[in-house]
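Next comes start.pdb, with PDB, C-alpha atoms.
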ATOM      1  CA  MET A   1       7.413   7.840   6.954  1.00  0.00           C
ATOM      2  CA  LYS A   2       5.562   9.625   4.180  1.00  0.00           C
ATOM      3  CA  VAL A   3       1.749   9.457   4.202  1.00  0.00           C
ATOM      4  CA  LEU A   4      -0.649  10.773   1.545  1.00  0.00           C
ATOM      5  CA  GLU A   5      -4.230  10.600   2.852  1.00  0.00           C
ATOM      6  CA  ASN A   6      -7.588  10.800   1.050  1.00  0.00           C
ATOM      7  CA  ILE A   7      -6.016  10.567  -2.400  1.00  0.00           C
ATOM      8  CA  ILE A   8      -8.716   8.475  -4.115  1.00  0.00           C
ATOM      9  CA  SER A   9     -12.417   8.096  -3.411  1.00  0.00           C
ATOM     10  CA  ASP A  10     -14.716   5.741  -5.347  1.00  0.00           C
ATOM     11  CA  ARG A  11     -18.225   4.550  -4.415  1.00  0.00           C
ATOM     12  CA  GLY A  12     -17.563   5.182  -0.740  1.00  0.00           C
ATOM     13  CA  SER A  13     -14.142   3.507  -0.602  1.00  0.00           C
ATOM     14  CA  LYS A  14     -11.266   5.801   0.315  1.00  0.00           C
ATOM     15  CA  TYR A  15      -7.554   5.284  -0.271  1.00  0.00           C
ATOM     16  CA  ALA A  16      -4.282   6.474   1.221  1.00  0.00           C
ATOM     17  CA  VAL A  17      -0.682   5.562   0.432  1.00  0.00           C
ATOM     18  CA  SER A  18       2.392   5.635   2.639  1.00  0.00           C
ATOM     19  CA  GLY A  19       5.945   4.371   2.650  1.00  0.00           C
ATOM     20  CA  GLY A  20       9.453   4.525   3.993  1.00  0.00           C
ATOM     21  CA  PRO A  21      12.782   2.684   4.209  1.00  0.00           C
ATOM     22  CA  CYS A  22      12.443  -1.080   4.697  1.00  0.00           C
ATOM     23  CA  THR A  23      14.910  -3.953   4.335  1.00  0.00           C
ATOM     24  CA  SER A  24      13.212  -6.909   6.068  1.00  0.00           C
ATOM     25  CA  GLU A  25       9.872  -8.514   6.961  1.00  0.00           C
ATOM     26  CA  ALA A  26      10.462  -7.428  10.570  1.00  0.00           C
ATOM     27  CA  GLU A  27      10.888  -3.797   9.476  1.00  0.00           C
ATOM     28  CA  ALA A  28       7.744  -4.117   7.336  1.00  0.00           C
ATOM     29  CA  LYS A  29       5.735  -5.360  10.325  1.00  0.00           C
ATOM     30  CA  ALA A  30       7.148  -2.530  12.455  1.00  0.00           C
ATOM     31  CA  PHE A  31       6.208  -0.016   9.729  1.00  0.00           C
ATOM     32  CA  ILE A  32       2.605  -1.294   9.611  1.00  0.00           C
ATOM     33  CA  LYS A  33       2.429  -1.281  13.411  1.00  0.00           C
ATOM     34  CA  GLU A  34       3.623   2.339  13.480  1.00  0.00           C
ATOM     35  CA  LEU A  35       1.136   3.295  10.743  1.00  0.00           C
ATOM     36  CA  CYS A  36      -1.710   1.647  12.682  1.00  0.00           C
ATOM     37  CA  ARG A  37      -0.895   3.741  15.753  1.00  0.00           C
ATOM     38  CA  LYS A  38      -3.039   6.291  13.953  1.00  0.00           C
ATOM     39  CA  LYS A  39      -6.540   5.118  14.822  1.00  0.00           C
ATOM     40  CA  LYS A  40      -7.739   5.893  11.307  1.00  0.00           C
ATOM     41  CA  PHE A  41      -5.272   3.410   9.771  1.00  0.00           C
ATOM     42  CA  ALA A  42      -5.912   0.777  12.429  1.00  0.00           C
ATOM     43  CA  LYS A  43      -9.581   0.847  11.396  1.00  0.00           C
ATOM     44  CA  ALA A  44      -8.816   0.465   7.669  1.00  0.00           C
ATOM     45  CA  THR A  45     -10.234  -2.531   5.830  1.00  0.00           C
ATOM     46  CA  HIS A  46      -6.933  -3.267   4.036  1.00  0.00           C
ATOM     47  CA  ASN A  47      -3.291  -2.214   4.470  1.00  0.00           C
ATOM     48  CA  THR A  48      -1.650  -3.897   1.466  1.00  0.00           C
ATOM     49  CA  TRP A  49       2.093  -3.541   1.004  1.00  0.00           C
ATOM     50  CA  GLY A  50       5.183  -4.610  -0.879  1.00  0.00           C
ATOM     51  CA  PHE A  51       8.922  -4.028  -0.882  1.00  0.00           C
ATOM     52  CA  ILE A  52      11.946  -5.368  -2.748  1.00  0.00           C
ATOM     53  CA  THR A  53      15.433  -6.066  -1.385  1.00  0.00           C
ATOM     54  CA  ASP A  54      18.526  -7.050  -3.371  1.00  0.00           C
ATOM     55  CA  ASP A  55      17.727 -10.742  -2.963  1.00  0.00           C
ATOM     56  CA  SER A  56      13.958 -11.032  -2.433  1.00  0.00           C
ATOM     57  CA  GLN A  57      10.473  -9.568  -2.756  1.00  0.00           C
ATOM     58  CA  HIS A  58       7.905  -9.333   0.016  1.00  0.00           C
ATOM     59  CA  LYS A  59       4.205  -8.497  -0.125  1.00  0.00           C
ATOM     60  CA  ASN A  60       1.010  -8.775   1.886  1.00  0.00           C
ATOM     61  CA  ASP A  61      -2.456  -8.438   0.349  1.00  0.00           C
ATOM     62  CA  ASP A  62      -4.200  -8.035   3.737  1.00  0.00           C
ATOM     63  CA  GLY A  63      -7.398  -9.458   2.233  1.00  0.00           C
ATOM     64  CA  GLU A  64      -7.236  -7.327  -0.945  1.00  0.00           C
ATOM     65  CA  SER A  65      -6.360 -10.272  -3.205  1.00  0.00           C
ATOM     66  CA  GLY A  66      -3.639  -9.465  -5.761  1.00  0.00           C
ATOM     67  CA  ALA A  67      -2.951  -5.918  -4.567  1.00  0.00           C
ATOM     68  CA  GLY A  68       0.502  -6.747  -3.131  1.00  0.00           C
ATOM     69  CA  MET A  69       1.650  -8.018  -6.531  1.00  0.00           C
ATOM     70  CA  VAL A  70       0.451  -4.795  -8.196  1.00  0.00           C
ATOM     71  CA  ILE A  71       2.623  -2.813  -5.749  1.00  0.00           C
ATOM     72  CA  LEU A  72       5.641  -5.095  -6.347  1.00  0.00           C
ATOM     73  CA  ARG A  73       5.373  -4.780 -10.143  1.00  0.00           C
ATOM     74  CA  MET A  74       5.336  -0.993  -9.907  1.00  0.00           C
ATOM     75  CA  LEU A  75       8.339  -0.925  -7.540  1.00  0.00           C
ATOM     76  CA  GLU A  76      10.191  -3.265  -9.924  1.00  0.00           C
ATOM     77  CA  ARG A  77       9.480  -0.965 -12.857  1.00  0.00           C
ATOM     78  CA  GLU A  78      10.840   1.994 -10.880  1.00  0.00           C
ATOM     79  CA  GLY A  79      13.856   0.016  -9.669  1.00  0.00           C
ATOM     80  CA  MET A  80      12.948   1.024  -6.110  1.00  0.00           C
ATOM     81  CA  LYS A  81      14.558  -1.217  -3.499  1.00  0.00           C
ATOM     82  CA  ASN A  82      14.591  -1.290   0.308  1.00  0.00           C
ATOM     83  CA  HIS A  83      11.495   0.913   0.486  1.00  0.00           C
ATOM     84  CA  ILE A  84       8.029  -0.234   1.547  1.00  0.00           C
ATOM     85  CA  VAL A  85       4.883   1.155  -0.064  1.00  0.00           C
ATOM     86  CA  VAL A  86       1.552   0.608   1.704  1.00  0.00           C
ATOM     87  CA  VAL A  87      -1.821   1.224   0.039  1.00  0.00           C
ATOM     88  CA  THR A  88      -4.605   1.602   2.589  1.00  0.00           C
ATOM     89  CA  ARG A  89      -8.279   1.173   1.724  1.00  0.00           C
ATOM     90  CA  TRP A  90     -11.349   1.911   3.778  1.00  0.00           C
ATOM     91  CA  TYR A  91     -14.177  -0.146   2.249  1.00  0.00           C
ATOM     92  CA  GLY A  92     -17.193   1.945   1.377  1.00  0.00           C
ATOM     93  CA  GLY A  93     -19.869  -0.721   1.070  1.00  0.00           C
ATOM     94  CA  LYS A  94     -19.808  -1.281  -2.708  1.00  0.00           C
ATOM     95  CA  HIS A  95     -17.576  -3.767  -4.541  1.00  0.00           C
ATOM     96  CA  LEU A  96     -15.211  -2.044  -6.963  1.00  0.00           C
ATOM     97  CA  GLY A  97     -14.284  -5.132  -9.010  1.00  0.00           C
ATOM     98  CA  GLY A  98     -11.242  -4.596 -11.204  1.00  0.00           C
ATOM     99  CA  ASP A  99     -11.273  -0.852 -10.497  1.00  0.00           C
ATOM    100  CA  ARG A 100      -9.629  -1.558  -7.134  1.00  0.00           C
ATOM    101  CA  PHE A 101      -6.399  -2.559  -8.950  1.00  0.00           C
ATOM    102  CA  ARG A 102      -6.488   0.676 -10.930  1.00  0.00           C
ATOM    103  CA  HIS A 103      -6.821   2.567  -7.650  1.00  0.00           C
ATOM    104  CA  VAL A 104      -3.870   0.677  -6.112  1.00  0.00           C
ATOM    105  CA  GLN A 105      -1.770   1.523  -9.189  1.00  0.00           C
ATOM    106  CA  GLU A 106      -2.828   5.169  -9.065  1.00  0.00           C
ATOM    107  CA  ALA A 107      -2.038   5.382  -5.341  1.00  0.00           C
ATOM    108  CA  VAL A 108       1.467   3.946  -5.862  1.00  0.00           C
ATOM    109  CA  ARG A 109       1.998   6.288  -8.835  1.00  0.00           C
ATOM    110  CA  MET A 110       1.063   9.283  -6.675  1.00  0.00           C
ATOM    111  CA  TYR A 111       3.465   8.104  -3.968  1.00  0.00           C
ATOM    112  CA  LEU A 112       6.345   7.654  -6.424  1.00  0.00           C
ATOM    113  CA  GLU A 113       5.738  11.093  -7.951  1.00  0.00           C
ATOM    114  CA  GLU A 114       5.713  12.850  -4.527  1.00  0.00           C
TER     115      GLU A 114
END
Structure translated into structure tokens:
Amino acid sequence: MKVLENIISDRGSKYAVSGGPCTSEAEAKAFIKELCRKKKFAKATHNTWGFITDDSQHKNDDGESGAGMVILRMLEREGMKNHIVVVTRWYGGKHLGGDRFRHVQEAVRMYLEE
């Protein structure tokens, strides 16, 4: 499991990105459960994720509507399969509008470049 914390901050909202090997919904749920063992991540407003296998795509917006699809599109572009990427957001009290998608993209980009 690779975790990059405090990578983006905007109007009080803070972002982190993490990921690791994943080939099924069950492994994805186990990954999120493991991530949320850290109290900080358990208290996050959103843990959105996506991963692609040879025969399917899986995502979860966790209340951050559309964010899972942003992650999937980026993984598709990279040709990255069997690897989950989770973007975590701690809501800071101000709505970010469309900027939140830019932040999700930037977080995934940072993860892929690591």
Hey, what comes out of the PyMOL selection byres ((chain A and resi 94) around 9) on this file? Could you write it as a count of residues only? 8
Name the residues captured by the PyMOL selection byres ((chain A and resi 31) around 10) when it is applied to the shown file; answer as a PyMOL selection string. chain A and resi 1+18-22+25-30+32-36+84-86
For the residues in the current selection, export C-alpha atoms as a short mmCIF file (atom, residue, chain, number, x, y, z; two decimals), in the coordinates of the input.
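selection.cif, written as the output of this step:
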data_model
loop_
_atom_site.label_atom_id
_atom_site.label_comp_id
_atom_site.auth_asym_id
_atom_site.auth_seq_id
_atom_site.Cartn_x
_atom_site.Cartn_y
_atom_site.Cartn_z
CA MET A 1 7.41 7.84 6.95
CA SER A 18 2.39 5.64 2.64
CA GLY A 19 5.94 4.37 2.65
CA GLY A 20 9.45 4.53 3.99
CA PRO A 21 12.78 2.68 4.21
CA CYS A 22 12.44 -1.08 4.70
CA GLU A 25 9.87 -8.51 6.96
CA ALA A 26 10.46 -7.43 10.57
CA GLU A 27 10.89 -3.80 9.48
CA ALA A 28 7.74 -4.12 7.34
CA LYS A 29 5.74 -5.36 10.32
CA ALA A 30 7.15 -2.53 12.46
CA ILE A 32 2.60 -1.29 9.61
CA LYS A 33 2.43 -1.28 13.41
CA GLU A 34 3.62 2.34 13.48
CA LEU A 35 1.14 3.30 10.74
CA CYS A 36 -1.71 1.65 12.68
CA ILE A 84 8.03 -0.23 1.55
CA VAL A 85 4.88 1.16 -0.06
CA VAL A 86 1.55 0.61 1.70
#
For the atom pair atom CA of Ala42 of chain A and atom CA of Val17 of chain A, what is the interatomic distance in Å to one decimal place?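 Between atom CA of Ala42 of chain A and atom CA of Val17 of chain A the gap is 13.9 Å.
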Atom pair atom CA of Ser56 of chain A / atom CA of Leu4 of chain A: separation (Å):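 Pair atom CA of Ser56 of chain A / atom CA of Leu4 of chain A returns 26.5 Å.
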Tell me which protein, DNA and RNA residues are within 12 Å of segment 65-76 of chain A, counting only C-alpha atoms, leaving out same-chain ones fewer than 2 positions away, and put them as JSON, numbers by chain. {"A": [17, 18, 19, 46, 47, 48, 49, 50, 51, 52, 53, 54, 56, 57, 58, 59, 60, 61, 62, 63, 78, 79, 80, 81, 82, 83, 84, 85, 86, 87, 88, 89, 97, 98, 99, 100, 101, 102, 103, 104, 105, 106, 107, 108, 109, 110, 111, 112]}
Please report, as lines of an AutoDock Vina configuration file, the centre and edge lengths in Å to one decimal of an axis-aligned box covering all listed atoms of segment 105-109 of chain A with 6 Å per side.
center_x = -0.4
center_y = 3.9
center_z = -7.3
size_x = 16.8
size_y = 16.8
size_z = 15.8
Given the file shown, determine the residues that the PyMOL selection byres ((chain A and resi 5) around 8) selects; report them as a short mmCIF file (atom, residue, chain, number, x, y, z; two decimals) with C-alpha atoms, in the frame of the given file.
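Below is the file that was written, result15.cif:
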data_model
loop_
_atom_site.label_atom_id
_atom_site.label_comp_id
_atom_site.auth_asym_id
_atom_site.auth_seq_id
_atom_site.Cartn_x
_atom_site.Cartn_y
_atom_site.Cartn_z
CA VAL A 3 1.75 9.46 4.20
CA LEU A 4 -0.65 10.77 1.54
CA ASN A 6 -7.59 10.80 1.05
CA ILE A 7 -6.02 10.57 -2.40
CA TYR A 15 -7.55 5.28 -0.27
CA ALA A 16 -4.28 6.47 1.22
CA VAL A 17 -0.68 5.56 0.43
#
Tell me, in Å to one decimal, how far atom CA of Ser24 of chain A is from atom CA of Ile8 of chain A.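 Calculated distance between atom CA of Ser24 of chain A and atom CA of Ile8 of chain A is 28.7 Å.
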Selecting N, CA and C atoms, how would segment 92-113 of chain A from this structure be written as a short mmCIF file (atom, residue, chain, number, x, y, z; two decimals), in the first residue's frame?
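Output contents, as saved in selection.cif:
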data_model
loop_
_atom_site.label_atom_id
_atom_site.label_comp_id
_atom_site.auth_asym_id
_atom_site.auth_seq_id
_atom_site.Cartn_x
_atom_site.Cartn_y
_atom_site.Cartn_z
N GLY A 92 -13.63 20.67 3.86
CA GLY A 92 -13.18 21.81 4.67
C GLY A 92 -14.24 22.86 4.95
N GLY A 93 -15.50 22.60 4.57
CA GLY A 93 -16.54 23.55 4.90
C GLY A 93 -17.00 24.44 3.75
N LYS A 94 -16.24 24.47 2.65
CA LYS A 94 -16.63 25.28 1.49
C LYS A 94 -16.73 24.38 0.27
N HIS A 95 -17.81 24.55 -0.50
CA HIS A 95 -17.99 23.76 -1.73
C HIS A 95 -16.94 24.17 -2.76
N LEU A 96 -16.37 23.18 -3.42
CA LEU A 96 -15.31 23.44 -4.40
C LEU A 96 -15.83 23.42 -5.84
N GLY A 97 -17.10 23.02 -6.03
CA GLY A 97 -17.66 22.97 -7.38
C GLY A 97 -16.83 22.06 -8.27
N GLY A 98 -16.63 22.48 -9.49
CA GLY A 98 -15.88 21.69 -10.47
C GLY A 98 -14.41 21.50 -10.13
N ASP A 99 -13.89 22.37 -9.25
CA ASP A 99 -12.47 22.25 -8.87
C ASP A 99 -12.19 20.89 -8.23
N ARG A 100 -13.21 20.29 -7.59
CA ARG A 100 -12.96 19.02 -6.91
C ARG A 100 -12.52 17.94 -7.92
N PHE A 101 -13.02 18.00 -9.16
CA PHE A 101 -12.60 17.02 -10.17
C PHE A 101 -11.15 17.26 -10.58
N ARG A 102 -10.78 18.54 -10.66
CA ARG A 102 -9.38 18.87 -10.97
C ARG A 102 -8.47 18.32 -9.89
N HIS A 103 -8.91 18.43 -8.64
CA HIS A 103 -8.10 17.93 -7.52
C HIS A 103 -7.99 16.41 -7.55
N VAL A 104 -9.08 15.72 -7.90
CA VAL A 104 -9.04 14.26 -8.02
C VAL A 104 -8.05 13.88 -9.12
N GLN A 105 -8.13 14.56 -10.27
CA GLN A 105 -7.20 14.28 -11.37
C GLN A 105 -5.76 14.51 -10.94
N GLU A 106 -5.51 15.62 -10.27
CA GLU A 106 -4.16 15.96 -9.83
C GLU A 106 -3.64 14.92 -8.83
N ALA A 107 -4.51 14.48 -7.92
CA ALA A 107 -4.11 13.47 -6.94
C ALA A 107 -3.72 12.17 -7.64
N VAL A 108 -4.53 11.72 -8.60
CA VAL A 108 -4.21 10.49 -9.33
C VAL A 108 -2.92 10.67 -10.11
N ARG A 109 -2.73 11.83 -10.73
CA ARG A 109 -1.51 12.11 -11.49
C ARG A 109 -0.29 12.00 -10.58
N MET A 110 -0.38 12.57 -9.39
CA MET A 110 0.73 12.51 -8.44
C MET A 110 1.03 11.05 -8.06
N TYR A 111 -0.03 10.27 -7.86
CA TYR A 111 0.14 8.86 -7.51
C TYR A 111 0.84 8.12 -8.64
N LEU A 112 0.40 8.33 -9.86
CA LEU A 112 0.96 7.61 -11.01
C LEU A 112 2.42 7.99 -11.26
N GLU A 113 2.77 9.25 -10.94
CA GLU A 113 4.14 9.71 -11.14
C GLU A 113 5.09 9.24 -10.04
#
